[in-house]
Each structure stands twice: as C-alpha cells, then as structure tokens.
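S.K.: Sharing a structure below in structure tokens format, with a few things to ask.
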Amino acid sequence: MIVGQIGNFLAYNVAPAVIVTPLGALGVLFGAVLASQILKEHLNILGKLGCVLCCCGSVMLIIHAPKAETVTTRLELEERLSDPVFVLYALLVVLLLVILIVWIAPAYGKSNVMVYVAICSLLGSFTVPSSKGLGLAAQDVFGDAPPSSDALALFLGLLATLAVSILIQFFFINKALESFSSNMFEAIYYVTFTSTVILASALLFKEWTALTMMDSLAMLCGLTTVCVGVVLLRISQEALITWKTKTD
C-alpha cells in the first residue's frame, strides 16, 4: 500500500489530477480480477459489466485528458493559492469538516455512512492538491540554488497539510469500516472522493481551461462511466456475499 501511495504521489506530479484521480478505478478492477483468479470469487454478469465500464471510461479519460499542465512553477502555485475563489472554497471545506467531525460524526456517524464518506472525501480537497504542490515546491527547495524562505515555508506547509489530512482520512476510513460494509463504503467513497478532488484541482490548477468543450463533455461521460462501473462491481460483490450467507 505504501508503494502504491508513492506511485500516486509521483503520478500527481507528472499528469493532471483530473485524469489521475478517476483512473483509481483501475485498482477496483484489478482487485476484482485478482479475487476471481486467486480467491475464486467469480464475477457475475453485473461484475463483468462493471469491469467493461471501468475500462471504457478510463480509456475515454486518457484520450481526452488535458495534454499539458497549467501550473508548472512555485510562483504560479503561490499565485493560485492566494486566489480569492480557492481561498473561499478552502475555508468552506474547513468549516464543513469541523462541523462534521465535532458535532455530526459523534451523533450520526455509526448510523449514516455518508457522514464518514463526506469527511474522507472533503479531506481529498487537501491531500491531492498538496501532493501536486509539493512536487512544484520541491523543485526550488531541493534545487542547486539555496532555497528561499518562501519556498521552504510553502514546502513545509504543504507537507504538514498532507500529513494531517492523510492521518485523519485513515482514522475515519477505519471508523467507517467498523460500522459499514466495505463494499458499500468503497463504492460511495470512490465516487464522492473523485468528485471533490476534481473540483478542488479545477479551482486551484484550472486544468479544465486546457480542454475544449468536446473534451470536457467526453471526460464527464468517461468519469460517469467509471463511477457506474465501480458501483456495479461493488453491487455484484455484495450480492454474492448475501447469496452465500443465505445458502449457508
């Protein structure tokens, strides 16, 4: 899992987030294939359809994704971070997280899966942009020239944001899996996490500005196809588990 997360970090620094995040659906696909071959948990018709949709949606995303980065230097990143629209969005996310973690989660977390899903997904608004921003800041911090105080402060700030958000995410993912089915949680979490990450990346990095209208519509269709495929995979696995439980 650690190696996989390192791979994600590298991917966010060489490709736009609007393509990397949705392609996480391939992990669900490979997991289903491995479970079928190794654990003999054979896919039913819904599972096979979900695999096909994941593949087709991923291909559409790759074909129509932005071909170039819109933020390539630390100075451009600092300018985007100070943009009033992104600052307002970040403050709104922090406010929602405080309300969810302090008041709503203790009261309704164990009875409503959307509480933990919302917390983990909103934290994605910080984890992915922080991962991408660290790669840009690291160019100045670890370059040949001595790093400036601004570059070092930005790097440490993004690193702290990434560490805290990941730790909180892991905590609430574990809390969710203690109370709810992993199949149900993972399907809903994937869809909401992808949506919030794409929104945050669009506001901060403005990756959508490099797309034409047709490419934007094609990527939206591809993302929708992938999400439907993930849900079908999880529904098929849940149905198989339920059927086995009843027969036993």
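Labeling convention for the structure tokens: chains A, B, ... as they appear, residues from 1 per chain, ligands from 1 in order of appearance.
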Which residues of region 75-95 of chain A sit at most 9 Å from region 137-155 of chain A, using only C-alpha atoms? Give each one's shortest atom pair and distance in Å (one decimal place), in chain and ascending residue order, as a Markdown table.
M.R.:
```
| residue | atom | partner | partner_atom | distance |
| --- | --- | --- | --- | --- |
| A:Leu75 | CA | A:Ala151 | CA | 8.9 |
| A:Leu77 | CA | A:Ala137 | CA | 8.5 |
| A:Glu78 | CA | A:Leu154 | CA | 8.2 |
```
S.K.: Which residues come within 7 Å of region 158-175 of chain A, counting only C-alpha atoms, excluding same-chain residues fewer than 6 positions away, as a PyMOL selection string?
M.R.: chain A and resi 116+120+123+126-127+130-131+134
S.K.: Smallest atom-to-atom distance to Thr72 (chain A): which of A:Ile38, A:Ala15, A:Leu220, A:Ile45, using only C-alpha atoms?
M.R.: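 Comparing A:Ile38, A:Ala15, A:Leu220, A:Ile45 against Thr72 (chain A), the winner is A:Ala15.
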S.K.: Counting only C-alpha atoms, which of A:Leu92, A:Val98, A:Leu199, A:Leu23 gets nearest to Ser58 (chain A)?
M.R.: A:Leu23
S.K.: Which residues are close to Val52 (chain A), i.e. within 12 Å by only C-alpha atoms, leaving aside same-chain residues fewer than 2 positions away? Reply as a list of chain:residue names.
M.R.: A:Ala25, A:Leu26, A:Leu29, A:Phe30, A:Ala32, A:Val33, A:Ile45, A:Leu46, A:Gly47, A:Lys48, A:Leu49, A:Gly50, A:Cys54, A:Cys55, A:Cys56, A:Gly57, A:Ser58, A:Val59, A:Thr225, A:Val226, A:Cys227, A:Val228, A:Gly229, A:Val230, A:Leu232, A:Leu233
S.K.: Can you tell me how far CA of Glu79 (chain A) sits from CA of Leu223 (chain A), in Å to one decimal?
M.R.: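 That distance, rounded to one decimal, is 29.0 Å.
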S.K.: For Ala90 (chain A), which residue among A:Gly124, A:Gly157, A:Gly222, A:Gly109 is the nearest when counting only C-alpha atoms?
M.R.: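 Among A:Gly124, A:Gly157, A:Gly222, A:Gly109, it is A:Gly124 that comes nearest to Ala90 (chain A).
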S.K.: Wanna dump the region 82-103 of chain A-region 200-207 of chain A contacts at 10 Å for me, each residue with its shortest atom pair and the distance in Å to one decimal, counting only C-alpha atoms, ordered by chain and number, as a tab-separated table?
M.R.:
```
residue	atom	partner	partner_atom	distance
A:Ser82	CA	A:Leu204	CA	9.5
A:Asp83	CA	A:Leu204	CA	8.1
A:Val85	CA	A:Leu203	CA	7.4
A:Phe86	CA	A:Leu203	CA	5.9
A:Val87	CA	A:Leu204	CA	9.4
A:Tyr89	CA	A:Ala200	CA	8.1
A:Ala90	CA	A:Ala200	CA	8.6
```
S.K.: Nearest to Met60 (chain A): which of A:Ala105, A:Met214, A:Val94, A:Val231 is it, counting only C-alpha atoms?
M.R.: A:Met214
S.K.: So which residues of region 50-162 of chain A fall under alpha helix (DSSP H) by DSSP, listed as a ChimeraX atom specification?
M.R.: /A:50-64,74-81,84-99,105-108,113-141,149-162
